[in-house]
Amino acid sequence: MPMTILLATTSRHKAGEIAALLSDIPGLQLQTLNDFPATEAPEEDGDTMAQNARIKAEFYSQHFGVRVLADDSGLEVDALNGEPGVYSARWADGSDADRNAAVLSRMLEVEVEDRNARYRCTLCLATPETIEWEGEGICEGEIALESRGESGFGYDPIFGITLATGADSEFVGKTLGEVAPSVKASVSHRARATRQLAEHLNSR
């Protein structure tokens, strides 16, 4: 059955990743906020990423009267007491490179064995009437000693892969900024959450 979902983002990177991961869903058409009239975004004042994803999904589904998929993702660094966390996109002023530099600066005195971190992605699928589905994906890793690679976006160039299986195990030690999009689509937090969503959509 045909289904249209509005992705609650204007980011071409994020939309592209999700679209690629859902490309096998029959009859699925994806749109982004770029396809709709500009509107003021809701305040993401939740205490968790799951709450922020729900805020966005409920707001845009009710505002535009369509089915909406929203995500909230972020980096959690153990040595920084879980920061940047829900503030990942605005933890430091400037560009992605500026935020990466800010994390590395805070981690200068942290030993290699204490640089554990994780990427977390929460997804919320909502209709104007209800929350249809929620899920979460986590990618465990570590903060690299320096920024490496120009692939991906966000904190990818400083996020080292520590857990991978099968053919992906050869990429352990690389950052997400150093690997091909196909590898990120296999191991990333967003990939893991979106695969759960794909199972939900295929079970309709």
# chains A, B, ... in the order shown; residues from 1 in each chain; ligands from 1
>>> residues_around(residues="stretch 141-150 of chain A", least_positions_apart="6", cutoff="9 Å", atoms="only C-alpha atoms", output="PDB file with N, CA and C atoms, in the first residue's frame")
ATOM      1  N   VAL A  77      29.521  11.136  25.492  1.00  0.00           N
ATOM      2  CA  VAL A  77      30.917  10.832  25.833  1.00  0.00           C
ATOM      3  C   VAL A  77      31.012  10.580  27.333  1.00  0.00           C
ATOM      4  N   ALA A  97      32.864  21.147  12.335  1.00  0.00           N
ATOM      5  CA  ALA A  97      34.296  21.092  12.634  1.00  0.00           C
ATOM      6  C   ALA A  97      34.608  21.806  13.954  1.00  0.00           C
ATOM      7  N   ASN A 100      33.529  19.480  16.745  1.00  0.00           N
ATOM      8  CA  ASN A 100      34.491  18.393  16.879  1.00  0.00           C
ATOM      9  C   ASN A 100      35.743  18.868  17.615  1.00  0.00           C
ATOM     10  N   ALA A 101      36.210  20.048  17.256  1.00  0.00           N
ATOM     11  CA  ALA A 101      37.393  20.608  17.899  1.00  0.00           C
ATOM     12  C   ALA A 101      37.134  20.852  19.390  1.00  0.00           C
ATOM     13  N   VAL A 103      35.088  19.136  21.363  1.00  0.00           N
ATOM     14  CA  VAL A 103      35.134  17.849  22.063  1.00  0.00           C
ATOM     15  C   VAL A 103      36.586  17.411  22.249  1.00  0.00           C
ATOM     16  N   LEU A 104      37.376  17.470  21.187  1.00  0.00           N
ATOM     17  CA  LEU A 104      38.775  17.040  21.275  1.00  0.00           C
ATOM     18  C   LEU A 104      39.539  17.875  22.305  1.00  0.00           C
ATOM     19  N   MET A 107      38.960  16.673  25.678  1.00  0.00           N
ATOM     20  CA  MET A 107      39.439  15.302  25.882  1.00  0.00           C
ATOM     21  C   MET A 107      40.963  15.190  25.870  1.00  0.00           C
ATOM     22  N   LEU A 108      41.674  16.310  25.872  1.00  0.00           N
ATOM     23  CA  LEU A 108      43.129  16.291  25.727  1.00  0.00           C
ATOM     24  C   LEU A 108      43.828  15.456  26.797  1.00  0.00           C
ATOM     25  N   VAL A 112      43.523   6.902  26.425  1.00  0.00           N
ATOM     26  CA  VAL A 112      42.892   6.168  25.330  1.00  0.00           C
ATOM     27  C   VAL A 112      41.816   5.224  25.840  1.00  0.00           C
ATOM     28  N   GLU A 113      42.106   4.521  26.933  1.00  0.00           N
ATOM     29  CA  GLU A 113      41.160   3.520  27.436  1.00  0.00           C
ATOM     30  C   GLU A 113      39.920   4.137  28.079  1.00  0.00           C
ATOM     31  N   ASP A 114      39.922   5.449  28.265  1.00  0.00           N
ATOM     32  CA  ASP A 114      38.788   6.118  28.918  1.00  0.00           C
ATOM     33  C   ASP A 114      38.014   7.011  27.949  1.00  0.00           C
ATOM     34  N   ARG A 115      38.157   6.782  26.640  1.00  0.00           N
ATOM     35  CA  ARG A 115      37.531   7.653  25.658  1.00  0.00           C
ATOM     36  C   ARG A 115      36.245   7.050  25.085  1.00  0.00           C
ATOM     37  N   ASN A 116      35.596   6.180  25.858  1.00  0.00           N
ATOM     38  CA  ASN A 116      34.368   5.520  25.397  1.00  0.00           C
ATOM     39  C   ASN A 116      33.269   6.541  25.108  1.00  0.00           C
ATOM     40  N   ALA A 117      32.524   6.263  24.042  1.00  0.00           N
ATOM     41  CA  ALA A 117      31.424   7.143  23.647  1.00  0.00           C
ATOM     42  C   ALA A 117      30.418   6.327  22.866  1.00  0.00           C
ATOM     43  N   ARG A 118      29.252   6.929  22.635  1.00  0.00           N
ATOM     44  CA  ARG A 118      28.248   6.254  21.818  1.00  0.00           C
ATOM     45  C   ARG A 118      27.439   7.303  21.059  1.00  0.00           C
ATOM     46  N   TYR A 119      27.012   6.909  19.901  1.00  0.00           N
ATOM     47  CA  TYR A 119      26.038   7.669  19.131  1.00  0.00           C
ATOM     48  C   TYR A 119      24.670   7.058  19.433  1.00  0.00           C
ATOM     49  N   ASP A 156      31.098  12.576  13.094  1.00  0.00           N
ATOM     50  CA  ASP A 156      31.648  11.371  12.453  1.00  0.00           C
ATOM     51  C   ASP A 156      33.171  11.351  12.378  1.00  0.00           C
ATOM     52  N   PRO A 157      33.849  12.468  12.071  1.00  0.00           N
ATOM     53  CA  PRO A 157      35.310  12.400  11.950  1.00  0.00           C
ATOM     54  C   PRO A 157      36.062  12.145  13.252  1.00  0.00           C
ATOM     55  N   ILE A 158      35.394  12.271  14.403  1.00  0.00           N
ATOM     56  CA  ILE A 158      36.083  11.994  15.670  1.00  0.00           C
ATOM     57  C   ILE A 158      35.507  10.768  16.378  1.00  0.00           C
ATOM     58  N   PHE A 159      34.546  10.086  15.734  1.00  0.00           N
ATOM     59  CA  PHE A 159      33.914   8.926  16.364  1.00  0.00           C
ATOM     60  C   PHE A 159      34.534   7.652  15.811  1.00  0.00           C
ATOM     61  N   GLY A 160      35.325   6.970  16.650  1.00  0.00           N
ATOM     62  CA  GLY A 160      35.990   5.749  16.226  1.00  0.00           C
ATOM     63  C   GLY A 160      35.116   4.522  16.394  1.00  0.00           C
ATOM     64  N   ILE A 161      35.131   3.653  15.410  1.00  0.00           N
ATOM     65  CA  ILE A 161      34.373   2.397  15.446  1.00  0.00           C
ATOM     66  C   ILE A 161      35.115   1.398  16.330  1.00  0.00           C
ATOM     67  N   THR A 162      34.438   0.831  17.308  1.00  0.00           N
ATOM     68  CA  THR A 162      35.063  -0.173  18.184  1.00  0.00           C
ATOM     69  C   THR A 162      34.366  -1.513  18.124  1.00  0.00           C
ATOM     70  N   LEU A 163      33.121  -1.527  17.698  1.00  0.00           N
ATOM     71  CA  LEU A 163      32.364  -2.779  17.628  1.00  0.00           C
ATOM     72  C   LEU A 163      31.797  -2.952  16.227  1.00  0.00           C
ATOM     73  N   GLY A 173      38.614   0.734  14.422  1.00  0.00           N
ATOM     74  CA  GLY A 173      39.751   1.628  14.498  1.00  0.00           C
ATOM     75  C   GLY A 173      39.634   2.815  13.562  1.00  0.00           C
ATOM     76  N   LYS A 174      38.758   2.709  12.570  1.00  0.00           N
ATOM     77  CA  LYS A 174      38.481   3.833  11.681  1.00  0.00           C
ATOM     78  C   LYS A 174      37.422   4.731  12.316  1.00  0.00           C
ATOM     79  N   THR A 175      37.400   5.991  11.905  1.00  0.00           N
ATOM     80  CA  THR A 175      36.299   6.849  12.312  1.00  0.00           C
ATOM     81  C   THR A 175      35.176   6.721  11.288  1.00  0.00           C
ATOM     82  N   LEU A 176      33.979   7.139  11.687  1.00  0.00           N
ATOM     83  CA  LEU A 176      32.868   7.133  10.730  1.00  0.00           C
ATOM     84  C   LEU A 176      33.126   8.116   9.594  1.00  0.00           C
ATOM     85  N   GLY A 177      34.033   9.063   9.813  1.00  0.00           N
ATOM     86  CA  GLY A 177      34.390   9.988   8.755  1.00  0.00           C
ATOM     87  C   GLY A 177      35.341   9.394   7.731  1.00  0.00           C
ATOM     88  N   GLU A 178      35.903   8.223   8.043  1.00  0.00           N
ATOM     89  CA  GLU A 178      36.866   7.594   7.144  1.00  0.00           C
ATOM     90  C   GLU A 178      36.271   6.462   6.317  1.00  0.00           C
ATOM     91  N   VAL A 179      35.057   6.045   6.635  1.00  0.00           N
ATOM     92  CA  VAL A 179      34.486   4.889   5.947  1.00  0.00           C
ATOM     93  C   VAL A 179      33.451   5.326   4.922  1.00  0.00           C
TER      94      VAL A 179
END
>>> select_by_dssp(residues="stretch 25-163 of chain A", states="strand (DSSP E or B)", output="JSON, numbers by chain")
{"A": [28, 29, 30, 31, 32, 68, 69, 70, 71, 72, 73, 74, 75, 76, 77, 84, 116, 117, 118, 119, 120, 121, 122, 123, 124, 125, 126, 131, 132, 133, 134, 135, 136, 137, 138, 139, 140, 141, 142, 143, 159, 160, 161]}
>>> atom_distance(atom1="atom CA of A:Leu201", atom2="atom CA of A:Lys56")
19.9 Å
>>> closest_residue(among="A:Pro128, A:Pro2, A:Gly16, A:Gly74", to="A:Pro181", atoms="only C-alpha atoms")
A:Gly16
>>> closest_residue(among="A:Gly152, A:Gly94, A:Phe36, A:Thr48", to="A:Arg12", atoms="only C-alpha atoms")
A:Gly152
>>> residues_around(residues="A:Val86", least_positions_apart="4", cutoff="12 Å", atoms="only C-alpha atoms", output="ChimeraX atom specification")
/A:44-53,71-77,82,90-91,119-122
>>> atom_distance(atom1="atom CA of A:Phe153", atom2="atom CA of A:Ser182")
14.3 Å
>>> select_by_dssp(residues="stretch 74-185 of chain A", states="helix (DSSP H, G or I)", output="number ranges by chain")
A: 78-80, 85-90, 96-106, 112-114, 156-158, 166-171, 181-185
>>> residues_around(residues="A:Ala92", least_positions_apart="3", cutoff="8 Å", atoms="only C-alpha atoms", output="compact mmCIF listing (two decimals) with N, CA and C atoms, in the first residue's frame")
# COMPACT_ATOMS: atom_id res chain seq x y z
N ASP A 98 33.91 22.90 14.22
CA ASP A 98 34.11 23.63 15.47
C ASP A 98 33.68 22.78 16.67
N ARG A 99 32.56 22.08 16.52
CA ARG A 99 32.09 21.23 17.62
C ARG A 99 33.03 20.05 17.83
N ALA A 102 35.92 21.27 19.73
CA ALA A 102 35.58 21.52 21.13
C ALA A 102 35.61 20.23 21.94
>>> residues_around(residues="A:Val68", least_positions_apart="3", cutoff="6 Å", atoms="only C-alpha atoms", output="PDB file with C-alpha atoms, in the first residue's frame")
ATOM      1  CA  ILE A   5       6.141  10.058   5.169  1.00  0.00           C
ATOM      2  CA  LEU A   6       7.425  13.532   5.919  1.00  0.00           C
ATOM      3  CA  LEU A   7      10.938  13.442   7.370  1.00  0.00           C
ATOM      4  CA  ALA A  57       6.915  14.264  15.225  1.00  0.00           C
ATOM      5  CA  SER A  61       2.167  15.754  11.939  1.00  0.00           C
ATOM      6  CA  LEU A 125       6.679   8.017  13.680  1.00  0.00           C
ATOM      7  CA  ALA A 126       3.474   9.948  14.250  1.00  0.00           C
TER       8      ALA A 126
END
>>> atom_distance(atom1="atom CA of A:Glu40", atom2="atom CA of A:Tyr155")
26.0 Å
